[in-house]
file final07.tsv (TSV, C-alpha atoms and all ligand atoms)
chain	number	residue	atom	x	y	z
A	1	MET	CA	-48.17	-57.70	21.73
A	2	THR	CA	-48.22	-59.68	18.53
A	3	LEU	CA	-45.30	-59.55	16.15
A	4	GLN	CA	-47.46	-57.66	13.66
A	5	GLU	CA	-48.39	-54.99	16.18
A	6	TYR	CA	-44.76	-54.74	17.19
A	7	LEU	CA	-43.53	-54.26	13.62
A	8	ALA	CA	-46.22	-51.64	12.96
A	9	GLU	CA	-45.12	-49.73	16.04
A	10	ALA	CA	-41.45	-50.00	14.92
A	11	ASP	CA	-42.39	-48.60	11.50
A	12	ALA	CA	-44.21	-45.66	13.08
A	13	ILE	CA	-41.28	-44.81	15.33
A	14	GLU	CA	-38.88	-45.03	12.42
A	15	ARG	CA	-41.01	-42.75	10.25
A	16	ASP	CA	-41.65	-40.18	12.99
A	17	GLY	CA	-38.01	-40.28	14.10
A	18	LEU	CA	-36.53	-39.72	10.65
A	19	ALA	CA	-38.96	-36.87	10.05
A	20	ALA	CA	-38.13	-35.27	13.40
A	21	PHE	CA	-34.36	-35.53	13.00
A	22	ASN	CA	-34.17	-34.51	9.37
A	23	GLY	CA	-36.54	-31.60	9.94
A	24	ALA	CA	-34.90	-30.25	13.09
A	25	ALA	CA	-34.24	-26.59	12.28
A	26	ASN	CA	-31.79	-25.88	15.07
A	27	ALA	CA	-29.91	-27.46	17.97
A	28	ASP	CA	-32.81	-27.03	20.40
A	29	ALA	CA	-35.27	-28.80	18.13
A	30	LEU	CA	-32.81	-31.59	17.46
A	31	GLU	CA	-32.19	-32.14	21.17
A	32	ALA	CA	-35.92	-32.27	21.89
A	33	ALA	CA	-36.33	-34.90	19.16
A	34	ARG	CA	-33.40	-36.90	20.54
A	35	ILE	CA	-34.94	-36.99	24.02
A	36	ALA	CA	-38.35	-38.00	22.60
A	37	LEU	CA	-36.91	-40.81	20.50
A	38	LEU	CA	-33.51	-41.92	21.76
A	39	GLY	CA	-33.86	-40.75	25.39
A	40	ASP	CA	-32.95	-43.31	28.05
A	41	ARG	CA	-35.98	-42.64	30.20
A	42	GLN	CA	-39.01	-41.90	28.08
A	43	GLY	CA	-37.69	-42.27	24.59
A	44	ARG	CA	-39.81	-44.23	22.15
A	45	ILE	CA	-36.85	-46.47	21.25
A	46	LYS	CA	-36.51	-47.34	24.91
A	47	ALA	CA	-40.23	-48.25	25.02
A	48	LEU	CA	-39.84	-50.31	21.87
A	49	GLN	CA	-36.96	-52.20	23.45
A	50	GLU	CA	-39.06	-52.90	26.52
A	51	GLY	CA	-41.90	-54.08	24.29
A	52	LEU	CA	-39.69	-56.94	23.12
A	53	ARG	CA	-40.37	-58.67	26.41
A	54	SER	CA	-44.03	-59.16	25.61
A	55	ILE	CA	-43.34	-60.77	22.22
A	56	PRO	CA	-43.82	-64.57	22.07
A	57	SER	CA	-40.47	-66.36	22.16
A	58	ALA	CA	-40.78	-67.70	18.63
A	59	ASP	CA	-41.17	-64.16	17.21
A	60	LYS	CA	-38.47	-62.55	19.32
A	61	PRO	CA	-35.61	-62.91	16.79
A	62	ALA	CA	-37.63	-61.16	14.05
A	63	ALA	CA	-38.81	-58.44	16.39
A	64	GLY	CA	-35.29	-57.97	17.81
A	65	LYS	CA	-33.79	-57.66	14.35
A	66	ARG	CA	-36.28	-54.97	13.40
A	67	PHE	CA	-35.73	-53.15	16.69
A	68	ASN	CA	-31.95	-53.04	16.10
A	69	GLU	CA	-32.51	-51.77	12.59
A	70	VAL	CA	-34.76	-48.88	13.68
A	71	ARG	CA	-32.45	-47.88	16.56
A	72	THR	CA	-29.38	-47.89	14.26
A	73	ARG	CA	-31.17	-45.78	11.61
A	74	LEU	CA	-32.46	-43.20	14.04
A	75	THR	CA	-29.11	-42.95	15.84
A	76	ALA	CA	-27.44	-42.36	12.48
A	77	ALA	CA	-30.07	-39.80	11.41
A	78	HIS	CA	-29.57	-37.90	14.66
A	79	GLY	CA	-25.78	-37.99	14.28
A	80	ALA	CA	-25.97	-36.71	10.73
A	81	ARG	CA	-28.10	-33.74	11.79
A	82	VAL	CA	-25.90	-32.58	14.67
A	83	GLY	CA	-23.30	-30.95	12.46
A	84	ALA	CA	-25.87	-29.33	10.20
A	85	VAL	CA	-27.66	-27.43	12.95
A	86	ALA	CA	-24.52	-26.49	14.94
A	87	ALA	CA	-23.94	-23.35	12.88
A	88	ARG	CA	-27.49	-22.06	13.28
A	89	PRO	CA	-28.57	-19.95	16.23
A	90	ALA	CA	-30.86	-21.62	18.72
A	91	SER	CA	-33.59	-19.22	17.77
A	92	PRO	CA	-33.45	-16.06	15.67
A	93	ALA	CA	-32.44	-13.02	17.76
A	94	PRO	CA	-35.52	-10.89	18.22
A	95	ASP	CA	-35.24	-7.35	16.81
A	96	ASP	CA	-34.67	-4.85	19.57
A	97	LEU	CA	-37.15	-2.15	18.59
A	98	SER	CA	-35.82	0.21	21.26
A	99	LEU	CA	-32.39	0.47	19.60
A	100	PRO	CA	-31.76	3.85	17.92
A	101	PRO	CA	-31.45	3.47	14.15
A	102	ARG	CA	-27.98	3.46	12.63
A	103	ARG	CA	-26.95	6.92	11.51
A	104	ARG	CA	-26.81	7.40	7.80
A	105	TRP	CA	-23.57	8.79	6.38
A	106	HIS	CA	-23.52	9.35	2.68
A	107	GLY	CA	-20.03	10.80	2.42
A	108	ALA	CA	-19.32	14.28	1.15
A	109	LYS	CA	-16.69	16.23	-0.69
A	110	HIS	CA	-13.84	17.61	1.34
A	111	PRO	CA	-14.37	21.33	2.08
A	112	VAL	CA	-11.16	22.27	0.26
A	113	THR	CA	-12.18	20.21	-2.78
A	114	ARG	CA	-15.46	22.10	-2.80
A	115	VAL	CA	-13.73	25.46	-2.72
A	116	VAL	CA	-11.37	24.39	-5.53
A	117	GLU	CA	-14.27	23.21	-7.66
A	118	GLU	CA	-16.24	26.40	-7.08
A	119	ILE	CA	-13.26	28.53	-8.06
A	120	GLU	CA	-12.69	26.40	-11.15
A	121	ALA	CA	-16.33	26.86	-12.15
A	122	VAL	CA	-16.10	30.66	-11.84
A	123	PHE	CA	-12.94	30.88	-13.94
A	124	ARG	CA	-14.21	28.42	-16.53
A	125	GLU	CA	-17.09	30.79	-17.13
A	126	LEU	CA	-14.56	33.57	-17.63
A	127	GLY	CA	-12.82	31.60	-20.36
A	128	PHE	CA	-10.03	29.97	-18.36
A	129	THR	CA	-8.73	26.43	-18.97
A	130	ILE	CA	-7.46	24.15	-16.20
A	131	ALA	CA	-3.73	23.38	-16.38
A	132	GLN	CA	-1.48	21.23	-14.26
A	133	GLY	CA	2.22	20.68	-13.71
A	134	PRO	CA	4.64	18.43	-11.82
A	135	GLU	CA	5.00	18.55	-8.03
A	136	ALA	CA	8.67	17.58	-8.24
A	137	GLU	CA	10.25	20.59	-9.92
A	138	SER	CA	13.63	21.98	-10.84
A	139	GLU	CA	15.02	25.01	-9.07
A	140	TRP	CA	14.85	26.87	-12.32
A	141	TYR	CA	11.08	26.48	-12.80
A	142	ASN	CA	10.33	27.02	-9.11
A	143	PHE	CA	12.60	30.03	-8.60
A	144	GLY	CA	14.96	31.00	-11.42
A	145	ALA	CA	12.47	31.47	-14.22
A	146	LEU	CA	10.20	33.31	-11.80
A	147	ASN	CA	12.81	36.02	-11.31
A	148	PHE	CA	13.83	35.07	-7.77
A	149	PRO	CA	17.30	36.47	-7.18
A	150	PRO	CA	19.67	33.62	-6.20
A	151	ASN	CA	19.92	34.87	-2.60
A	152	HIS	CA	16.18	35.34	-2.07
A	153	PRO	CA	15.15	34.12	1.40
A	154	ALA	CA	12.46	31.80	-0.04
A	155	VAL	CA	15.20	29.85	-1.80
A	156	ASP	CA	16.65	29.11	1.61
A	157	ALA	CA	16.46	25.46	2.68
A	158	HIS	CA	14.19	26.48	5.54
A	159	ASP	CA	11.23	26.93	3.23
A	160	THR	CA	11.92	24.38	0.57
A	161	LEU	CA	12.01	20.60	0.58
A	162	TYR	CA	14.91	19.64	-1.68
A	163	LEU	CA	15.07	16.24	-3.31
A	164	GLU	CA	18.10	14.00	-3.42
A	165	GLY	CA	19.95	14.32	-6.69
A	166	GLY	CA	18.74	17.86	-7.38
A	167	GLY	CA	15.23	19.17	-7.78
A	168	LEU	CA	12.71	20.07	-5.13
A	169	LEU	CA	9.07	19.82	-4.23
A	170	ARG	CA	7.44	22.90	-5.71
A	171	THR	CA	6.76	25.54	-3.08
A	172	HIS	CA	4.02	27.15	-5.15
A	173	THR	CA	2.02	26.57	-8.33
A	174	SER	CA	3.72	29.50	-10.09
A	175	PRO	CA	6.24	27.29	-12.00
A	176	VAL	CA	3.27	26.04	-14.03
A	177	GLN	CA	2.95	29.60	-15.37
A	178	VAL	CA	6.34	29.16	-16.99
A	179	ARG	CA	5.59	25.67	-18.27
A	180	THR	CA	2.33	26.90	-19.78
A	181	LEU	CA	3.97	29.89	-21.46
A	182	GLN	CA	6.67	27.64	-22.93
A	183	ARG	CA	4.14	25.25	-24.33
A	184	TYR	CA	1.34	27.43	-25.65
A	185	ALA	CA	1.33	30.70	-27.52
A	186	PRO	CA	-0.77	33.61	-26.20
A	187	PRO	CA	-3.62	34.32	-25.75
A	188	ILE	CA	-3.42	32.30	-22.54
A	189	ARG	CA	-5.97	32.06	-19.77
A	190	VAL	CA	-5.27	29.19	-17.39
A	191	LEU	CA	-6.21	28.22	-13.87
A	192	ILE	CA	-3.71	25.95	-12.12
A	193	PRO	CA	-4.87	24.05	-9.02
A	194	GLY	CA	-2.38	21.82	-7.25
A	195	THR	CA	-0.53	20.69	-4.16
A	196	VAL	CA	2.55	22.57	-3.00
A	197	TYR	CA	5.11	21.80	-0.30
A	198	ARG	CA	6.94	23.84	2.30
A	199	ARG	CA	9.36	22.89	5.00
A	200	ASP	CA	6.99	23.94	7.77
A	201	PHE	CA	5.89	22.41	11.02
A	202	PHE	CA	2.43	20.88	11.03
A	203	ASP	CA	0.65	23.18	13.48
A	204	ALA	CA	-2.69	24.98	13.83
A	205	SER	CA	-1.94	27.35	10.95
A	206	HIS	CA	0.75	25.58	8.85
A	207	ALA	CA	0.91	22.35	6.91
A	208	PRO	CA	3.91	20.99	4.97
A	209	ALA	CA	1.62	20.17	2.03
A	210	PHE	CA	-1.32	22.29	0.99
A	211	HIS	CA	-3.30	23.47	-2.01
A	212	GLN	CA	-2.83	26.50	-4.17
A	213	ILE	CA	-4.65	27.84	-7.18
A	214	GLU	CA	-2.74	29.91	-9.66
A	215	GLY	CA	-4.22	32.01	-12.42
A	216	LEU	CA	-2.50	33.38	-15.49
A	217	CYS	CA	-3.71	35.58	-18.30
A	218	VAL	CA	-1.33	36.68	-21.08
A	219	ASP	CA	-2.25	38.44	-24.28
A	220	GLU	CA	-1.60	41.63	-26.21
A	221	GLY	CA	-2.81	44.73	-24.39
A	222	ILE	CA	-3.54	43.13	-21.00
A	223	SER	CA	-3.42	45.68	-18.20
A	224	PHE	CA	-4.00	46.02	-14.46
A	225	VAL	CA	-7.60	46.91	-15.29
A	226	ASP	CA	-8.13	43.34	-16.54
A	227	LEU	CA	-6.63	41.98	-13.34
A	228	LYS	CA	-8.88	44.03	-11.09
A	229	ALA	CA	-12.01	43.46	-13.12
A	230	THR	CA	-11.51	39.71	-13.29
A	231	LEU	CA	-10.59	39.28	-9.64
A	232	ASN	CA	-13.47	41.50	-8.53
A	233	ARG	CA	-15.85	39.40	-10.55
A	234	PHE	CA	-14.38	36.27	-9.00
A	235	ALA	CA	-14.78	37.70	-5.46
A	236	GLU	CA	-18.35	38.65	-6.20
A	237	ARG	CA	-19.13	35.13	-7.43
A	238	LEU	CA	-17.42	33.27	-4.61
A	239	PHE	CA	-18.15	35.54	-1.66
A	240	GLY	CA	-21.39	37.23	-2.64
A	241	ALA	CA	-21.50	41.00	-3.05
A	242	ALA	CA	-18.39	41.43	-0.90
A	243	ARG	CA	-16.23	44.49	-1.39
A	244	THR	CA	-12.59	43.99	-2.24
A	245	ARG	CA	-9.47	46.02	-1.72
A	246	PHE	CA	-6.05	45.82	-3.33
A	247	ARG	CA	-2.94	46.51	-1.26
A	248	PRO	CA	0.51	47.04	-2.76
A	249	SER	CA	2.77	44.06	-2.25
A	250	TYR	CA	5.90	42.40	-3.54
A	251	PHE	CA	6.53	39.18	-5.44
A	252	PRO	CA	9.64	38.63	-7.58
A	253	PHE	CA	7.54	37.42	-10.52
A	254	THR	CA	5.06	40.32	-10.68
A	255	GLU	CA	5.47	44.05	-11.09
A	256	PRO	CA	3.49	45.81	-9.79
A	257	SER	CA	2.17	43.36	-7.20
A	258	ALA	CA	-0.98	43.53	-5.10
A	259	GLU	CA	-2.75	41.50	-2.48
A	260	MET	CA	-6.48	41.29	-2.63
A	261	ASP	CA	-8.65	41.23	0.48
A	262	VAL	CA	-12.40	40.65	0.59
A	263	GLN	CA	-14.61	42.19	3.17
A	264	CYS	CA	-15.29	39.71	5.96
A	265	GLY	CA	-18.60	37.95	5.26
A	266	VAL	CA	-19.06	36.99	8.91
A	267	CYS	CA	-19.11	40.50	10.42
A	268	GLY	CA	-19.73	42.52	7.28
A	269	GLY	CA	-16.53	44.49	7.83
A	270	SER	CA	-17.01	45.62	11.41
A	271	GLY	CA	-14.35	43.24	12.73
A	272	CYS	CA	-14.69	39.82	14.33
A	273	ALA	CA	-12.68	36.74	15.29
A	274	VAL	CA	-12.70	35.34	11.75
A	275	CYS	CA	-11.07	38.48	10.27
A	276	LYS	CA	-9.05	39.07	13.43
A	277	GLY	CA	-10.80	42.37	13.98
A	278	THR	CA	-9.72	43.93	10.66
A	279	GLY	CA	-12.97	43.53	8.73
A	280	TRP	CA	-11.00	42.07	5.79
A	281	ILE	CA	-9.83	38.61	4.78
A	282	GLU	CA	-6.68	38.18	2.74
A	283	ILE	CA	-7.51	36.07	-0.30
A	284	LEU	CA	-4.72	36.16	-2.83
A	285	GLY	CA	-1.50	37.60	-4.17
A	286	SER	CA	-1.47	38.99	-7.67
A	287	GLY	CA	0.23	41.31	-10.08
A	288	MET	CA	1.31	42.04	-13.61
A	289	VAL	CA	3.58	39.26	-14.85
A	290	HIS	CA	7.18	40.51	-14.65
A	291	PRO	CA	8.72	40.94	-18.11
A	292	ALA	CA	11.66	38.80	-16.95
A	293	VAL	CA	9.26	35.88	-16.42
A	294	LEU	CA	7.79	36.26	-19.90
A	295	GLU	CA	11.28	36.42	-21.41
A	296	ALA	CA	12.48	33.38	-19.39
A	297	ALA	CA	9.58	31.42	-20.85
A	298	GLY	CA	10.38	32.64	-24.38
A	299	VAL	CA	7.50	35.13	-24.67
A	300	ASP	CA	8.13	38.53	-26.26
A	301	SER	CA	7.56	40.96	-23.38
A	302	GLU	CA	7.40	43.94	-25.75
A	303	ARG	CA	4.40	42.48	-27.48
A	304	TYR	CA	2.65	40.64	-24.65
A	305	THR	CA	1.64	41.53	-21.12
A	306	GLY	CA	-0.24	39.57	-18.52
A	307	TRP	CA	-1.46	39.29	-14.97
A	308	ALA	CA	-1.36	36.44	-12.50
A	309	PHE	CA	-2.59	35.50	-9.07
A	310	GLY	CA	-2.06	32.78	-6.50
A	311	MET	CA	-4.30	31.81	-3.61
A	312	GLY	CA	-4.81	29.15	-0.95
A	313	PRO	CA	-8.19	27.45	-1.13
A	314	SER	CA	-7.61	25.90	2.32
A	315	ARG	CA	-7.61	29.37	3.82
A	316	ILE	CA	-10.87	30.15	2.11
A	317	ALA	CA	-12.39	26.92	3.48
A	318	ILE	CA	-11.06	27.78	6.94
A	319	SER	CA	-12.59	31.24	7.00
A	320	ARG	CA	-15.81	30.03	5.37
A	321	HIS	CA	-16.39	27.41	8.06
A	322	ALA	CA	-14.57	29.23	10.89
A	323	ILE	CA	-12.29	26.19	11.32
A	324	PRO	CA	-9.98	26.81	14.28
A	325	ASP	CA	-7.13	24.45	13.33
A	326	ILE	CA	-5.86	23.68	9.83
A	327	ARG	CA	-4.99	20.11	10.86
A	328	ILE	CA	-8.71	19.32	10.96
A	329	LEU	CA	-8.64	19.55	7.16
A	330	TYR	CA	-6.16	16.68	7.03
A	331	ASP	CA	-7.69	14.34	9.63
A	332	SER	CA	-10.57	12.95	7.56
A	333	ASP	CA	-12.58	12.76	10.78
A	334	VAL	CA	-16.17	12.12	9.70
A	335	ARG	CA	-17.47	13.84	12.83
A	336	PHE	CA	-16.02	17.06	11.41
A	337	LEU	CA	-16.76	16.42	7.75
A	338	GLU	CA	-20.35	15.60	8.63
A	339	GLN	CA	-20.84	18.98	10.27
A	340	ILE	CA	-19.95	20.90	7.15
A	341	ALA	CA	-21.13	18.43	4.52
A	342	GLU	CA	-23.68	19.86	2.14
A	401	LIG	N1	3.39	32.05	-5.63
A	401	LIG	C1	2.96	32.89	-4.54
A	401	LIG	C2	3.09	32.14	-3.23
A	401	LIG	O1	3.18	30.97	-3.23
A	401	LIG	C3	1.53	33.31	-4.74
A	401	LIG	C4	1.37	34.26	-5.89
A	401	LIG	C5	1.42	35.62	-5.70
A	401	LIG	C6	1.18	33.77	-7.16
A	401	LIG	C7	1.27	36.50	-6.73
A	401	LIG	C8	1.01	34.65	-8.24
A	401	LIG	C9	1.05	36.03	-8.00
A	401	LIG	O2	0.82	34.22	-9.48
A	401	LIG	O3	0.90	36.88	-9.03
A	401	LIG	O4	3.07	32.76	-2.22
call {"tool": "encode", "arguments": {"input": "final07.tsv", "output": "structure tokens", "more": "lines below"}}
Ligand code: DAH
result
Amino acid sequence: MTLQEYLAEADAIERDGLAAFNGAANADALEAARIALLGDRQGRIKALQEGLRSIPSADKPAAGKRFNEVRTRLTAAHGARVGAVAARPASPAPDDLSLPPRRRWHGAKHPVTRVVEEIEAVFRELGFTIAQGPEAESEWYNFGALNFPPNHPAVDAHDTLYLEGGGLLRTHTSPVQVRTLQRYAPPIRVLIPGTVYRRDFFDASHAPAFHQIEGLCVDEGISFVDLKATLNRFAERLFGAARTRFRPSYFPFTEPSAEMDVQCGVCGGSGCAVCKGTGWIEILGSGMVHPAVLEAAGVDSERYTGWAFGMGPSRIAISRHAIPDIRILYDSDVRFLEQIAE
């Protein structure tokens, strides 16, 4: 081989080698290029080295110099590429077309939130405003102003979570009735959603924190007729054309007091597991606001009368979806939420 032929061959190997190393897309390609160029057995560099033997002695130094140059450059180019391809997969993972698609989960409102929002919408249409109050309350707002006698069993520590340094976690949303009456002059029509707390075990039918919705209407000339008409309209809107019934009851802050049941929507009143065989579902407590409550809040009970109600939206969600255990409402388990998401 003449020196010229040798140098031309060296140039070709250098050009091909740099292109192969710099263009290697992954570790496999780089290794294949290394074997083809720098491999000990059949690599082109090895062949180039062997070719030196056939060069006339006088040209050997020039040929040897060029050989060393090409080998050094290609070794460096290979070395530089090793790190760059290390992070890449050997070959892209093929899509497995037999895999089931990922389930879509868009998220949904909590069933109790939905009930609260539906109830709010019904009462907004009836002219009610949404009001709120503090969850940490004084004994006076939670009990005293609501006409609880001091020895009433509900005031007992068994039902109430007392706070250090006085105060308590409200056991119902009724104290917001008093706060509203103190702050605004009649006519008043407010709906009061909120969280309340009781010292209860967390079991299938009790939770230490749960939702209530309170309603209050105070004006001149308000009577029990207004209470019944409004609550019947509400029941019709929320439960369809269900019948209602009012049963006499007792609350310290209302007189007279009544509980309202709606006919069970699952069995139509014939009795089933949801209504525990009675045909009726208890929805709320209500009554005419006790004059002592109006007076405690600074409202003239000779001039004004009113009615109020309180209900648990969780119980409505439970009977609506036939949920067997109240704790499910607190778990945030998407397998449950997904079943009743709308
Ligand atoms: N505060 C009552 C409770 O927690 C519910 C209630 C009953 C509220 C009658 C009212 C009402 O406003 O009139 O059990």
call {"tool": "residues_around", "arguments": {"input": "final07.tsv", "residues": "Gly310 in chain A", "least_positions_apart": "3", "cutoff": "7 Å", "atoms": "only C-alpha atoms", "output": "PyMOL selection string"}}
result
chain A and resi 212-215+284-286
call {"tool": "write_last_selection", "arguments": {"input": "final07.tsv", "atoms": "C-alpha atoms", "output": "mmCIF file, in the frame of the given file"}}
result
data_model
loop_
_atom_site.group_PDB
_atom_site.id
_atom_site.type_symbol
_atom_site.label_atom_id
_atom_site.label_comp_id
_atom_site.auth_asym_id
_atom_site.auth_seq_id
_atom_site.Cartn_x
_atom_site.Cartn_y
_atom_site.Cartn_z
ATOM 1 C CA GLN A 212 -2.830 26.500 -4.170
ATOM 2 C CA ILE A 213 -4.650 27.840 -7.180
ATOM 3 C CA GLU A 214 -2.740 29.910 -9.660
ATOM 4 C CA GLY A 215 -4.220 32.010 -12.420
ATOM 5 C CA LEU A 284 -4.720 36.160 -2.830
ATOM 6 C CA GLY A 285 -1.500 37.600 -4.170
ATOM 7 C CA SER A 286 -1.470 38.990 -7.670
#
call {"tool": "closest_residue", "arguments": {"input": "final07.tsv", "among": "A:Glu69, A:Leu74, A:Ser54, A:Ile283", "to": "Gly17 in chain A", "atoms": "only C-alpha atoms"}}
result
A:Leu74
call {"tool": "residues_near_ligand", "arguments": {"input": "final07.tsv", "ligand": "ligand LIG 401 (chain A)", "cutoff": "8 Å", "atoms": "all atoms listed in the file", "output": "NGL selection string"}}
result
:A and (171-174 or 177 or 212 or 214-216 or 251 or 253-254 or 257-259 or 284-289 or 307-311)
call {"tool": "residues_near_point", "arguments": {"input": "final07.tsv", "point": "(-24.7, -28.9, 16.6)", "cutoff": "12 Å", "atoms": "all atoms listed in the file", "output": "tab-separated table (two decimals) with C-alpha atoms, keeping the file's coordinate frame"}}
result
chain	number	residue	atom	x	y	z
A	24	ALA	CA	-34.90	-30.25	13.09
A	25	ALA	CA	-34.24	-26.59	12.28
A	26	ASN	CA	-31.79	-25.88	15.07
A	27	ALA	CA	-29.91	-27.46	17.97
A	28	ASP	CA	-32.81	-27.03	20.40
A	29	ALA	CA	-35.27	-28.80	18.13
A	30	LEU	CA	-32.81	-31.59	17.46
A	31	GLU	CA	-32.19	-32.14	21.17
A	78	HIS	CA	-29.57	-37.90	14.66
A	79	GLY	CA	-25.78	-37.99	14.28
A	80	ALA	CA	-25.97	-36.71	10.73
A	81	ARG	CA	-28.10	-33.74	11.79
A	82	VAL	CA	-25.90	-32.58	14.67
A	83	GLY	CA	-23.30	-30.95	12.46
A	84	ALA	CA	-25.87	-29.33	10.20
A	85	VAL	CA	-27.66	-27.43	12.95
A	86	ALA	CA	-24.52	-26.49	14.94
A	87	ALA	CA	-23.94	-23.35	12.88
A	88	ARG	CA	-27.49	-22.06	13.28
A	89	PRO	CA	-28.57	-19.95	16.23
A	90	ALA	CA	-30.86	-21.62	18.72
call {"tool": "closest_residue", "arguments": {"input": "final07.tsv", "among": "A:Gly265, A:Gly271, A:Pro252, A:Pro208", "to": "Gly144 in chain A", "atoms": "only C-alpha atoms"}}
result
A:Pro252
call {"tool": "residues_around", "arguments": {"input": "final07.tsv", "residues": "range 312-327 of chain A", "least_positions_apart": "6", "cutoff": "8 Å", "atoms": "only C-alpha atoms", "output": "count of residues only"}}
result
18
call {"tool": "atom_distance", "arguments": {"input": "final07.tsv", "atom1": "CA of Cys217 in chain A", "atom2": "CA of Val262 in chain A"}}
result
21.4 Å
call {"tool": "atom_distance", "arguments": {"input": "final07.tsv", "atom1": "CA of Arg170 in chain A", "atom2": "CA of Leu227 in chain A"}}
result
24.9 Å
call {"tool": "residues_around", "arguments": {"input": "final07.tsv", "residues": "Ala185 in chain A", "least_positions_apart": "3", "cutoff": "12 Å", "atoms": "all atoms listed in the file", "output": "list in words"}}
result
Val178, Arg179, Thr180, Leu181, Gln182, Ile188, Arg189, Cys217, Val218, Asp219, Glu220, Leu294, Ala297, Gly298, Val299, Asp300 and Tyr304 of chain A
call {"tool": "closest_residue", "arguments": {"input": "final07.tsv", "among": "A:Leu7, A:His106, A:Glu282, A:Ile222", "to": "Thr244 in chain A", "atoms": "all atoms listed in the file"}}
result
A:Glu282
call {"tool": "atom_distance", "arguments": {"input": "final07.tsv", "atom1": "CA of Ala154 in chain A", "atom2": "CA of Val293 in chain A"}}
result
17.2 Å
call {"tool": "closest_residue", "arguments": {"input": "final07.tsv", "among": "A:Phe123, A:Phe21, A:Phe246, A:Phe224", "to": "Pro193 in chain A", "atoms": "all atoms listed in the file"}}
result
A:Phe123
call {"tool": "closest_residue", "arguments": {"input": "final07.tsv", "among": "A:Ile281, A:Ala10, A:Leu99, A:Ala229", "to": "Asn68 in chain A", "atoms": "only C-alpha atoms"}}
result
A:Ala10
call {"tool": "closest_residue", "arguments": {"input": "final07.tsv", "among": "A:Ser98, A:Ala19, A:Lys60, A:Gly51", "to": "Ala77 in chain A", "atoms": "only C-alpha atoms"}}
result
A:Ala19
call {"tool": "residues_around", "arguments": {"input": "final07.tsv", "residues": "Leu161 in chain A", "least_positions_apart": "2", "cutoff": "9 Å", "atoms": "all atoms listed in the file", "output": "VMD selection string"}}
result
chain A and resid 157 to 159 163 168 to 171 197 to 199
call {"tool": "build_atoms", "arguments": {"input": "final07.tsv", "residues": "range 127-131 of chain A", "atoms": "all heavy atoms", "output": "compact mmCIF listing (two decimals), in the frame of the given file"}}
result
# COMPACT_ATOMS: atom_id res chain seq x y z
N GLY A 127 -13.64 31.98 -19.20
CA GLY A 127 -12.82 31.60 -20.36
C GLY A 127 -11.49 30.98 -20.01
O GLY A 127 -10.62 30.84 -20.88
N PHE A 128 -11.30 30.59 -18.75
CA PHE A 128 -10.03 29.97 -18.36
C PHE A 128 -10.07 28.45 -18.55
O PHE A 128 -11.12 27.82 -18.44
CB PHE A 128 -9.72 30.29 -16.89
CG PHE A 128 -9.22 31.69 -16.67
CD1 PHE A 128 -10.06 32.79 -16.87
CD2 PHE A 128 -7.91 31.92 -16.24
CE1 PHE A 128 -9.60 34.08 -16.68
CE2 PHE A 128 -7.45 33.21 -16.03
CZ PHE A 128 -8.30 34.30 -16.25
N THR A 129 -8.89 27.88 -18.84
CA THR A 129 -8.73 26.43 -18.97
C THR A 129 -7.95 25.94 -17.75
O THR A 129 -7.14 26.68 -17.21
CB THR A 129 -7.88 26.13 -20.23
OG1 THR A 129 -8.46 26.82 -21.33
CG2 THR A 129 -7.82 24.66 -20.53
N ILE A 130 -8.21 24.70 -17.34
CA ILE A 130 -7.46 24.15 -16.20
C ILE A 130 -6.14 23.57 -16.70
O ILE A 130 -6.12 22.83 -17.68
CB ILE A 130 -8.26 23.04 -15.48
CG1 ILE A 130 -9.69 23.50 -15.18
CG2 ILE A 130 -7.53 22.57 -14.22
CD1 ILE A 130 -9.81 24.62 -14.18
N ALA A 131 -5.05 23.93 -16.03
CA ALA A 131 -3.73 23.38 -16.38
C ALA A 131 -3.08 22.78 -15.14
O ALA A 131 -3.40 23.16 -14.02
CB ALA A 131 -2.83 24.48 -16.96
